[in-house]
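Asker: Attaching a single structure in structure tokens format; questions to follow.
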Amino acid sequence: IVQLTIDNKKVVVEKGTTILEAAKTIGVDVPTLCHMKLEDTNFENKPGGCRVCVVEVEGRRNLAPACKTECTEGMMVNTHSVRVVNARRTVMELILSDHPFDCLVCAKSGDCELQSLAQNLGIREIKYTGAKSTYKGDESPAIIRDMDKCIMCRRCETACNEVQTVGVLSAINRGFESVVAPAFEMDLDHSTCTFCGQCVAVCPTGALTERDSSSKVMDAIVNPKKKVIVQTAPAVRAALGEEFGMEAGTLVTGKMVSALRKLGFDYVFDTDFAADLTIMEEGTELLDRLSKHLAGDKEVKLPILTSCCPGWVNFFEHQFPEMIDIPSTAKSPQQMFGAIAKTYFADQLKEKREDVVVVSVMPCLAKKYECSRDEFAVDGDPDVNISISTRELAQMIRNANLNFEALEEDDFDNPLGESTGAAVIFGTTGGVIEAAVRTAYEVHTKKPLERLDFEELRGMEGIRSATIDFDGLPINIGIAHGLGNARKLLEDIKAGKSQFHAIEIMACPGGCIGGGGQPYHHGNMEILKKRQKAIYEEDKGKTLRKSHENPFIQKLYAEFLGEPCGHKSHELLHTHYYD
Ligand code: HC1
Ligand code: SF4
């Protein structure tokens, strides 16, 4: 225990606590551009590089970086003396001297931590001008890197290398030339990047942003030859409101539908419909593998791994190529939706598939990459034409000058807009496997479930496990979110140590609610917990909460697909992976 004084307030903290953390406990927010601590995890980025967090410590000649200085007994700290503020201004002026001045047209404008700090410090002129460092641009299908805007905070490195263990980004070169980049400065597209977008989620400036496709969407909407269909992912409704100043965890499903209709989409459908469909296919595959396993088939692969997250698919294709026959072959709900929209629904509309444009609104950046994969197109026409993020949709709503908060609640169109509570919970870690359990249990036991809420599968722990009793048959379930956690479960499978029958993996911490395309949460895990709560709330409020009870899914099988994992399903709803 250490006792000190910060801004005339007594503080008692554990030994080893930094001034930055101690200040936080008394509500003093010392500014920083590089420090990032992901609460509830062990991940912390503290290179001590930006020097914005300097504070004055009585008796010391130099100002001290709060993120790197440990509290000592009797320390007297001042976080906002004139000397401190002047030093911060100088630091900012130096950072800005090597930064492009295009705030007005920067994708990060309004969400940029550098911009808001400059504002808070009242910077009104760029004192130091001269040479600026410039780097080559990099545009992948999902992410744009503009390293001229990088301030070397190294947060993206922590996200990519420590949280995700992908290891694509690292600092190279020295001095003025230093930059964070993939090895040999190759483009992200040629690296083993999974497009999870977690680097984008933590970047304080406009150095890492999504590839914006909203103008393509507007072009399709104004094209009279096209029928434009939109599908919205489960996690979007639990976060979109934040872009309009609403409290995190406010469900905005009805307002979102209303906004999409006003923006001019011909049909407003729900990815949740396809999530129910995914459960029918993936659940059947799980039960099929299980029954073969119980019959003593040594060839059958268990555990089955969920396959709806494209960041995760990229990860195992790159990093565990010898295991590509373990994940479910079910396409993701985004892609199942596209395949059904461009066949079954296009037929109903009597439209050619090329004249139907499918747009998805996703919390994810990897979905942009996923829909561009060759295997998800027919004669060059993609099943999903354009994927935009939650942030891009918010921008489209602002462009149209809609007053989001005041919008009436509206309902999705049918048939591809009907969904159950099981589909909604896909949006959070643990939800996909809980949805699968609800259906697989009833199909396997032919008995109705007595309880629908599987609390043992819920939560925010990075790796979780539970055994669910399928009427005498114990099913061992594993859950991982964040690719670093996924790696641990995969290593166990590789070593023959895994006891699981089924594992759900989501690339982003929190699952899709923490996706790289969601409103920036700046590392605040409380926001993710509120979004998670909202997802379970929406599930609870649904009349139907099991995927196999969705009447439009039943109709789709009866009229078009036949049976789950049947011939037509295999053709339209399943995929294969590449090593
Ligand atoms: Fe997800 Fe999924 S849940 S992957 O996290 O399976 O992005 O929200 O749309 O496809 O349904 C994302 C979310 C999303 C798919 C579904
Ligand atoms: Fe790493 Fe994910 Fe960023 Fe790719 S998108 S560089 S995998 S953090």
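Ligands are numbered from 1 in the order shown, residues from 1 within each chain, and chains are lettered A, B, ... in the order they appear in the structure tokens.
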Can I get the residues close to ligand 2 as an MDAnalysis selection string, where close means within 10 Å and we count only C-alpha atoms and all ligand atoms?
Answerer: chainID A and resid 142:143 145 155:170 181:182 188:189 191:203 208 210 311:312 314:315 365:366 483 507:508 516
Asker: Could you give me the residues within 6 Å of ligand 1, counting only C-alpha atoms and all ligand atoms, as a list in words?
Answerer: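 Going residue by residue within 6 Å of ligand 1, we get Ala233, Pro234, Ala235, Thr271, Asp272, Ala275, Cys308, Cys309, Ser332, Pro333, Gln334, Met362, Pro363, Cys364, Phe426, Gly427, Gly511 and Cys512 of chain A.
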Asker: Running DSSP on the backbone, which parts of region 101-329 of chain A land in strand (DSSP E or B), as a list in words?
Answerer: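 The residues of region 101-329 of chain A classed as strand (DSSP E or B) are Asp138, Glu139, Ile143, Ile144, Arg145, Ser170, Ala171, Ile172, Val179, Val180, Ala181, Leu208, Thr209, Glu210, Lys227, Val228, Ile229, Val230, Gln231, Thr232, Tyr267, Val268, Phe269, Asp270, Ile304, Leu305 and Pro327 of chain A.
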Asker: With only C-alpha atoms as the counted atoms, please give the residues lying no more than 9 Å from Pro65 (chain A), apart from itself and same-chain residues fewer than 6 positions off, as an mmCIF file with all heavy atoms, in the first residue's frame.
Answerer:
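The result, stored in result-v8.cif:
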```cif
data_model
loop_
_atom_site.group_PDB
_atom_site.id
_atom_site.type_symbol
_atom_site.label_atom_id
_atom_site.label_comp_id
_atom_site.auth_asym_id
_atom_site.auth_seq_id
_atom_site.Cartn_x
_atom_site.Cartn_y
_atom_site.Cartn_z
ATOM 1 N N ILE A 19 1.040 6.480 -11.706
ATOM 2 C CA ILE A 19 0.313 7.724 -11.398
ATOM 3 C C ILE A 19 -0.954 7.804 -12.245
ATOM 4 O O ILE A 19 -2.013 8.223 -11.778
ATOM 5 C CB ILE A 19 1.216 8.965 -11.636
ATOM 6 C CG1 ILE A 19 2.425 8.935 -10.697
ATOM 7 C CG2 ILE A 19 0.430 10.253 -11.500
ATOM 8 C CD1 ILE A 19 3.424 10.082 -10.900
ATOM 9 N N LEU A 20 -0.845 7.355 -13.493
ATOM 10 C CA LEU A 20 -1.997 7.400 -14.408
ATOM 11 C C LEU A 20 -3.173 6.611 -13.814
ATOM 12 O O LEU A 20 -4.316 7.095 -13.768
ATOM 13 C CB LEU A 20 -1.603 6.791 -15.764
ATOM 14 C CG LEU A 20 -2.614 6.923 -16.883
ATOM 15 C CD1 LEU A 20 -2.557 8.311 -17.492
ATOM 16 C CD2 LEU A 20 -2.358 5.886 -17.973
ATOM 17 N N GLY A 48 4.990 4.390 -23.324
ATOM 18 C CA GLY A 48 5.489 5.651 -22.767
ATOM 19 C C GLY A 48 6.016 6.564 -23.854
ATOM 20 O O GLY A 48 6.934 7.354 -23.638
ATOM 21 N N ARG A 51 4.216 10.915 -24.510
ATOM 22 C CA ARG A 51 4.633 11.948 -23.537
ATOM 23 C C ARG A 51 3.570 13.008 -23.274
ATOM 24 O O ARG A 51 3.866 14.090 -22.750
ATOM 25 C CB ARG A 51 5.921 12.669 -24.018
ATOM 26 C CG ARG A 51 7.276 11.965 -23.784
ATOM 27 C CD ARG A 51 7.255 10.873 -22.810
ATOM 28 N NE ARG A 51 8.483 10.689 -22.062
ATOM 29 C CZ ARG A 51 8.881 9.514 -21.567
ATOM 30 N NH1 ARG A 51 8.180 8.431 -21.796
ATOM 31 N NH2 ARG A 51 9.969 9.432 -20.831
ATOM 32 N N VAL A 52 2.359 12.732 -23.631
ATOM 33 C CA VAL A 52 1.278 13.677 -23.384
ATOM 34 C C VAL A 52 0.846 13.619 -21.924
ATOM 35 O O VAL A 52 0.286 14.562 -21.373
ATOM 36 C CB VAL A 52 0.088 13.359 -24.332
ATOM 37 C CG1 VAL A 52 -1.184 14.014 -23.870
ATOM 38 C CG2 VAL A 52 0.413 13.818 -25.753
ATOM 39 N N CYS A 53 1.121 12.491 -21.269
ATOM 40 C CA CYS A 53 0.612 12.288 -19.903
ATOM 41 C C CYS A 53 1.555 12.842 -18.840
ATOM 42 O O CYS A 53 1.424 12.491 -17.662
ATOM 43 C CB CYS A 53 0.344 10.809 -19.661
ATOM 44 S SG CYS A 53 1.836 9.810 -19.563
ATOM 45 N N VAL A 54 2.489 13.726 -19.217
ATOM 46 C CA VAL A 54 3.429 14.230 -18.214
ATOM 47 C C VAL A 54 2.716 14.949 -17.070
ATOM 48 O O VAL A 54 1.703 15.617 -17.271
ATOM 49 C CB VAL A 54 4.491 15.193 -18.828
ATOM 50 C CG1 VAL A 54 5.535 14.434 -19.607
ATOM 51 C CG2 VAL A 54 3.823 16.279 -19.655
ATOM 52 N N VAL A 55 3.241 14.759 -15.867
ATOM 53 C CA VAL A 55 2.712 15.436 -14.672
ATOM 54 C C VAL A 55 3.903 15.968 -13.863
ATOM 55 O O VAL A 55 5.050 15.572 -14.083
ATOM 56 C CB VAL A 55 1.893 14.463 -13.793
ATOM 57 C CG1 VAL A 55 0.611 14.037 -14.477
ATOM 58 C CG2 VAL A 55 2.714 13.244 -13.381
ATOM 59 N N GLU A 56 3.596 16.858 -12.920
ATOM 60 C CA GLU A 56 4.658 17.434 -12.103
ATOM 61 C C GLU A 56 4.699 16.691 -10.767
ATOM 62 O O GLU A 56 3.663 16.541 -10.113
ATOM 63 C CB GLU A 56 4.372 18.922 -11.871
ATOM 64 C CG GLU A 56 5.558 19.677 -11.376
ATOM 65 C CD GLU A 56 5.400 21.199 -11.563
ATOM 66 O OE1 GLU A 56 4.359 21.642 -12.095
ATOM 67 O OE2 GLU A 56 6.330 21.906 -11.165
#
```
Asker: Can you pull out the residues contacting region 10-16 of chain A? Cut-off 7 Å, using only C-alpha atoms, and skip same-chain residues under 3 positions away; I want them as a PyMOL selection string.
Answerer: chain A and resi 1-6+22+70-71
Asker: Grab the residues selected above and save them as a PDB file, in the first residue's frame with N, CA, C and O atoms.
Answerer:
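Printed below is selection14.pdb as written:
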```pdb
ATOM      1  N   ILE A   1       0.847  -1.217   0.000  1.00  0.00           N
ATOM      2  CA  ILE A   1       0.000   0.000   0.000  1.00  0.00           C
ATOM      3  C   ILE A   1       0.881   1.265   0.000  1.00  0.00           C
ATOM      4  O   ILE A   1       1.867   1.343   0.722  1.00  0.00           O
ATOM      5  N   VAL A   2       0.475   2.229  -0.829  1.00  0.00           N
ATOM      6  CA  VAL A   2       1.225   3.484  -0.929  1.00  0.00           C
ATOM      7  C   VAL A   2       0.225   4.633  -0.802  1.00  0.00           C
ATOM      8  O   VAL A   2      -0.855   4.571  -1.373  1.00  0.00           O
ATOM      9  N   GLN A   3       0.617   5.666  -0.042  1.00  0.00           N
ATOM     10  CA  GLN A   3      -0.270   6.827   0.076  1.00  0.00           C
ATOM     11  C   GLN A   3       0.396   8.027  -0.596  1.00  0.00           C
ATOM     12  O   GLN A   3       1.582   8.283  -0.388  1.00  0.00           O
ATOM     13  N   LEU A   4      -0.368   8.724  -1.439  1.00  0.00           N
ATOM     14  CA  LEU A   4       0.197   9.910  -2.097  1.00  0.00           C
ATOM     15  C   LEU A   4      -0.891  10.966  -2.254  1.00  0.00           C
ATOM     16  O   LEU A   4      -2.050  10.722  -1.891  1.00  0.00           O
ATOM     17  N   THR A   5      -0.510  12.098  -2.801  1.00  0.00           N
ATOM     18  CA  THR A   5      -1.483  13.169  -3.016  1.00  0.00           C
ATOM     19  C   THR A   5      -1.473  13.545  -4.497  1.00  0.00           C
ATOM     20  O   THR A   5      -0.407  13.801  -5.068  1.00  0.00           O
ATOM     21  N   ILE A   6      -2.647  13.524  -5.104  1.00  0.00           N
ATOM     22  CA  ILE A   6      -2.748  13.947  -6.505  1.00  0.00           C
ATOM     23  C   ILE A   6      -3.740  15.105  -6.564  1.00  0.00           C
ATOM     24  O   ILE A   6      -4.887  14.961  -6.112  1.00  0.00           O
ATOM     25  N   ALA A  22      -3.534   5.620 -10.644  1.00  0.00           N
ATOM     26  CA  ALA A  22      -3.942   6.181  -9.347  1.00  0.00           C
ATOM     27  C   ALA A  22      -4.862   7.376  -9.558  1.00  0.00           C
ATOM     28  O   ALA A  22      -5.872   7.528  -8.858  1.00  0.00           O
ATOM     29  N   GLU A  70       5.746   4.943 -11.275  1.00  0.00           N
ATOM     30  CA  GLU A  70       5.039   4.286 -10.180  1.00  0.00           C
ATOM     31  C   GLU A  70       4.873   5.239  -8.999  1.00  0.00           C
ATOM     32  O   GLU A  70       5.755   6.073  -8.729  1.00  0.00           O
ATOM     33  N   CYS A  71       3.764   5.099  -8.307  1.00  0.00           N
ATOM     34  CA  CYS A  71       3.500   5.930  -7.134  1.00  0.00           C
ATOM     35  C   CYS A  71       4.457   5.529  -6.009  1.00  0.00           C
ATOM     36  O   CYS A  71       4.729   4.338  -5.812  1.00  0.00           O
TER      37      CYS A  71
END
```
Asker: May I have the residues within 12 Å of Lys568 (chain A) as a list of chain:residue names, using only C-alpha atoms and disregarding those fewer than 6 positions away in the same chain?
Answerer: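 Once the nearby chain positions are removed, what remains is A:Glu281, A:Ala339, A:Ile340, A:Thr343, A:Tyr344, A:Leu556, A:Tyr557, A:Ala558, A:Glu559, A:Phe560, A:Leu561, A:Gly562, A:His574.
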Asker: Could you save those same residues with N, CA and C atoms as a short mmCIF file (atom, residue, chain, number, x, y, z; two decimals), in the first residue's frame?
Answerer:
```cif
data_model
loop_
_atom_site.label_atom_id
_atom_site.label_comp_id
_atom_site.auth_asym_id
_atom_site.auth_seq_id
_atom_site.Cartn_x
_atom_site.Cartn_y
_atom_site.Cartn_z
N GLU A 281 -28.36 -25.65 -40.15
CA GLU A 281 -27.32 -26.38 -40.88
C GLU A 281 -26.21 -26.84 -39.94
N ALA A 339 -26.86 -15.93 -50.49
CA ALA A 339 -27.16 -17.06 -51.37
C ALA A 339 -28.67 -17.26 -51.51
N ILE A 340 -29.41 -17.06 -50.42
CA ILE A 340 -30.88 -17.23 -50.48
C ILE A 340 -31.53 -16.02 -51.19
N THR A 343 -31.27 -16.30 -54.96
CA THR A 343 -31.91 -17.45 -55.61
C THR A 343 -33.41 -17.41 -55.27
N TYR A 344 -33.74 -17.94 -54.12
CA TYR A 344 -35.13 -18.03 -53.67
C TYR A 344 -35.86 -16.68 -53.75
N LEU A 556 -39.03 -22.07 -45.86
CA LEU A 556 -37.91 -22.10 -46.82
C LEU A 556 -37.47 -23.55 -47.08
N TYR A 557 -37.41 -24.34 -46.01
CA TYR A 557 -37.05 -25.75 -46.21
C TYR A 557 -38.15 -26.49 -46.98
N ALA A 558 -39.40 -26.21 -46.62
CA ALA A 558 -40.51 -26.92 -47.25
C ALA A 558 -40.61 -26.58 -48.74
N GLU A 559 -40.42 -25.29 -49.06
CA GLU A 559 -40.65 -24.86 -50.45
C GLU A 559 -39.42 -24.96 -51.33
N PHE A 560 -38.23 -24.90 -50.71
CA PHE A 560 -37.06 -24.66 -51.56
C PHE A 560 -35.87 -25.55 -51.24
N LEU A 561 -35.50 -25.62 -49.95
CA LEU A 561 -34.23 -26.28 -49.64
C LEU A 561 -34.34 -27.79 -49.42
N GLY A 562 -35.53 -28.26 -49.06
CA GLY A 562 -35.64 -29.67 -48.69
C GLY A 562 -35.29 -29.81 -47.22
N HIS A 574 -23.21 -24.20 -47.85
CA HIS A 574 -21.96 -24.70 -47.28
C HIS A 574 -20.77 -24.28 -48.14
#
```
Asker: Wanna dump the region 426-545 of chain A-region 284-293 of chain A contacts at 10 Å for me, each residue with its shortest atom pair and the distance in Å to one decimal, counting only C-alpha atoms, ordered by chain and number, as JSON lines?
Answerer:
```
{"residue": "A:Ala436", "atom": "CA", "partner": "A:Leu286", "partner_atom": "CA", "distance": 8.9}
{"residue": "A:Val437", "atom": "CA", "partner": "A:Leu286", "partner_atom": "CA", "distance": 9.9}
{"residue": "A:Thr439", "atom": "CA", "partner": "A:Thr284", "partner_atom": "CA", "distance": 9.1}
{"residue": "A:Ala440", "atom": "CA", "partner": "A:Leu287", "partner_atom": "CA", "distance": 6.9}
{"residue": "A:Tyr441", "atom": "CA", "partner": "A:Leu287", "partner_atom": "CA", "distance": 9.3}
{"residue": "A:Val443", "atom": "CA", "partner": "A:Thr284", "partner_atom": "CA", "distance": 8.6}
{"residue": "A:His444", "atom": "CA", "partner": "A:Leu287", "partner_atom": "CA", "distance": 7.3}
{"residue": "A:Ile475", "atom": "CA", "partner": "A:Leu290", "partner_atom": "CA", "distance": 9.4}
{"residue": "A:His501", "atom": "CA", "partner": "A:Leu290", "partner_atom": "CA", "distance": 7.7}
{"residue": "A:Ala502", "atom": "CA", "partner": "A:Leu286", "partner_atom": "CA", "distance": 7.6}
```
Asker: Distance CA of Thr205 (chain A)-CA of Pro310 (chain A), one decimal place?
Answerer: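 Answer for the CA of Thr205 (chain A) to CA of Pro310 (chain A) separation: 25.4 Å.
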Asker: Could you list, as a list in words, every residue within 12 Å of Glu409 (chain A), counting only C-alpha atoms and ignoring same-chain residues fewer than 2 positions away?
Answerer: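 These residues fall inside the cut-off: Leu251, Val252, Thr253, Gly254, Lys255, Met256, Val257, Ser258, Ala259, Leu260, Arg261, Phe404, Glu405, Ala406, Leu407, Asp411 and Phe412 of chain A.
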Asker: Of the residues A:Leu490, A:Met506, A:Ile479, A:Val217, which is the one nearest to Glu392 (chain A), using only C-alpha atoms?
Answerer: A:Val217
Asker: Go through A:Asn78, A:Thr250, A:Ser133, A:Gln348 one by one, measure the shortest atom-to-atom distance of each to Ala534 (chain A) using only C-alpha atoms, and give the residue with the smallest value.
Answerer: A:Thr250
Asker: Rank A:Ala107, A:Asp471, A:Leu528, A:Lys494 by their smallest atom-to-atom distance to Ile144 (chain A), using only C-alpha atoms, and report the top residue only.
Answerer: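 Ranking A:Ala107, A:Asp471, A:Leu528, A:Lys494 by distance to Ile144 (chain A), first place goes to A:Ala107.
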